[in-house]
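One structure is given below, encoded as structure tokens.
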Amino acid sequence: MGMKGEDCILETRNLIKFFGDVLVLNGVNVKVGRESVTLIIGPNGSGKSTLINVITGFYPATSGKVIFEGMDITRKLPYQIYELGIVRTFQIPQPLKNMTVLENLLIAQKHVGENVVSALNYGRWNKFEEELVEKAFKILEFLKLDHLWHEKSYKLSGGQLKLLEVGRALMTEPKLIIMDEPIAGVAPALAHEILNRVVELKKKGITFLIVEHRLDIALKYVDYVYAMASGKVIAEGSGEEVINNPQVVEVYIGGM
Ligand SMILES: Nc1ncnc2c1ncn2[C@@H]1O[C@H](COP(=O)(O)OP(=O)(O)OP(=O)(O)O)[C@@H](O)[C@H]1O
Ligand SMILES: [Mg+2]
């Protein structure tokens, strides 16, 4: 995990991002160990979401590199990065609100479209669709959302929507899941539940890069932590090391 010399799945090298004249990422170097849960913390506006957006190809880097499994993916487009096995969730969940929970999973699968959803509605199945529904139900069971399978997703709570995002990500059988504030605004019990699921998935071989403000809840679930401020990594190490780092304490207290 982190910089400890184990197998590194993702790495950024001196990543720089300008928005116009504004320097938002100022030479960011992070490493994500394979099958780790790596956390990025930092106050509002420190560049955390921008880092995710650059890694996943939503924003082009101004300079620097993003390396995934030894491959330079810096100039790749979002769908190409997704095809390589990196999937992200958003700070604000983006399900299709008028679709049911199950439908939201089905359409998240790579290379399927409306036909699967209409098969669901008309009960005309083929083998592929049956397997897909089975896969979706397994994921919903794992996330303890299966009892909600037929609910329209706008009826879900904030925390349940975050879990639904995880479910949609899992449908694509990713290698790396990047999550932007998966527990923000989520009640503590469900926040712990979400992170418990993350750790379970890590044990099954999925790597996580998570952006969160809240180290208090996330601390015990994560392997390695980076703290950002003003577009730079200011500290890294175990959760304990990072929260006790004087510079980290300073930016958090200074920012309150
Ligand atoms: N598309 C954009 N165009 C211009 N400036 C942007 C854009 N996206 C972000 N910024 C600016 O970049 C800086 C970093 O924003 P970013 O969203 O990455 O921070 P963050 O660490 O995710 O903050 P938060 O904790 O509030 O989510 C902010 O000053 C923000 O205003
Ligand atoms: Mg953000």
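Identifiers for the structure tokens are assigned positionally: chains receive A, B, ... in sequence, residues are indexed from 1 per chain, and ligands are indexed from 1 in the order shown.
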How close does chain A get to ligand 2? List, as CSV, each residue of chain A within 10 Å, its nearest atom pair and the distance in Å to one decimal, counting only C-alpha atoms and all ligand atoms.
```
residue,atom,partner,partner_atom_place_in_ligand_line,distance
A:Ile41,CA,ligand 2,1 (Mg),10.0
A:Gly42,CA,ligand 2,1 (Mg),9.3
A:Pro43,CA,ligand 2,1 (Mg),9.1
A:Asn44,CA,ligand 2,1 (Mg),6.9
A:Gly45,CA,ligand 2,1 (Mg),7.0
A:Ser46,CA,ligand 2,1 (Mg),8.2
A:Gly47,CA,ligand 2,1 (Mg),7.0
A:Lys48,CA,ligand 2,1 (Mg),5.4
A:Ser49,CA,ligand 2,1 (Mg),4.0
A:Thr50,CA,ligand 2,1 (Mg),7.2
A:Leu51,CA,ligand 2,1 (Mg),9.1
A:Ile52,CA,ligand 2,1 (Mg),8.8
A:Asn53,CA,ligand 2,1 (Mg),9.8
A:Phe90,CA,ligand 2,1 (Mg),9.0
A:Gln91,CA,ligand 2,1 (Mg),6.5
A:Ile92,CA,ligand 2,1 (Mg),9.6
A:Asp180,CA,ligand 2,1 (Mg),6.7
A:Glu181,CA,ligand 2,1 (Mg),7.4
A:Val211,CA,ligand 2,1 (Mg),7.7
A:Glu212,CA,ligand 2,1 (Mg),8.4
A:His213,CA,ligand 2,1 (Mg),9.0
```
Tell me, as a PDB file with C-alpha atoms, in the first residue's frame, which residues lie within 7 Å of region 67-80 of chain A, counting only C-alpha atoms; anything in the same chain fewer than 3 positions away does not count.
```
ATOM      1  CA  ILE A   9      -1.763  -0.157  -9.368  1.00  0.00           C
ATOM      2  CA  LEU A  10      -2.068   3.603  -9.875  1.00  0.00           C
ATOM      3  CA  GLU A  11       0.405   6.424  -9.643  1.00  0.00           C
ATOM      4  CA  THR A  12       0.397  10.116 -10.418  1.00  0.00           C
ATOM      5  CA  THR A  56     -10.269   9.471 -14.746  1.00  0.00           C
ATOM      6  CA  GLY A  57      -9.829  11.615 -17.847  1.00  0.00           C
ATOM      7  CA  PHE A  58     -12.726  13.994 -17.188  1.00  0.00           C
ATOM      8  CA  GLU A  83     -12.567   0.129 -20.271  1.00  0.00           C
ATOM      9  CA  LEU A  84      -9.224  -0.437 -18.539  1.00  0.00           C
TER      10      LEU A  84
END
```
Spatial neighbours of Lys152 (chain A), max dist 10 Å, only C-alpha atoms, sep filter under 3 positions, as number ranges by chain: A: 96-104, 148-149, 155-156
Include C-alpha atoms and write out the residues we just selected as a PDB file, in the first residue's frame.
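Final output, selection.pdb:
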```
ATOM      1  CA  LEU A  96     -31.153   7.615 -13.156  1.00  0.00           C
ATOM      2  CA  LYS A  97     -33.785   8.658 -10.689  1.00  0.00           C
ATOM      3  CA  ASN A  98     -36.822   7.347 -12.505  1.00  0.00           C
ATOM      4  CA  MET A  99     -35.325   3.919 -12.908  1.00  0.00           C
ATOM      5  CA  THR A 100     -35.538   1.274 -10.253  1.00  0.00           C
ATOM      6  CA  VAL A 101     -32.571   0.159  -8.198  1.00  0.00           C
ATOM      7  CA  LEU A 102     -32.242  -3.019 -10.255  1.00  0.00           C
ATOM      8  CA  GLU A 103     -32.496  -1.154 -13.566  1.00  0.00           C
ATOM      9  CA  ASN A 104     -29.775   1.232 -12.439  1.00  0.00           C
ATOM     10  CA  LEU A 148     -35.250  -2.205  -2.507  1.00  0.00           C
ATOM     11  CA  TRP A 149     -34.697  -3.710  -5.954  1.00  0.00           C
ATOM     12  CA  LYS A 155     -36.934   7.143  -3.097  1.00  0.00           C
ATOM     13  CA  LEU A 156     -33.575   6.118  -1.649  1.00  0.00           C
TER      14      LEU A 156
END
```
Selected residue, from A:Pro60, A:Gly159, A:Pro182, A:Pro174, that lies nearest to Thr207 (chain A) when counting only C-alpha atoms: A:Pro174
If we count only C-alpha atoms and set the cut-off at 8 Å, which residues sit around Val186 (chain A), ignoring sequence neighbours fewer than 4 positions away in its own chain? Please answer as a CSV table (one decimal) with N, CA and C atoms, in the first residue's frame.
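Wrote it out as part-v7.csv, contents follow:
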```csv
chain,number,residue,atom,x,y,z
A,158,GLY,N,-29.9,9.3,1.1
A,158,GLY,CA,-28.6,9.7,0.7
A,158,GLY,C,-27.6,8.6,0.8
A,159,GLY,N,-27.6,7.9,1.9
A,159,GLY,CA,-26.6,6.8,2.1
A,159,GLY,C,-26.9,5.6,1.2
A,190,LEU,N,-24.7,4.0,8.7
A,190,LEU,CA,-24.7,3.7,7.3
A,190,LEU,C,-23.3,4.0,6.7
A,191,ALA,N,-22.6,5.0,7.2
A,191,ALA,CA,-21.3,5.3,6.7
A,191,ALA,C,-20.3,4.2,7.0
```
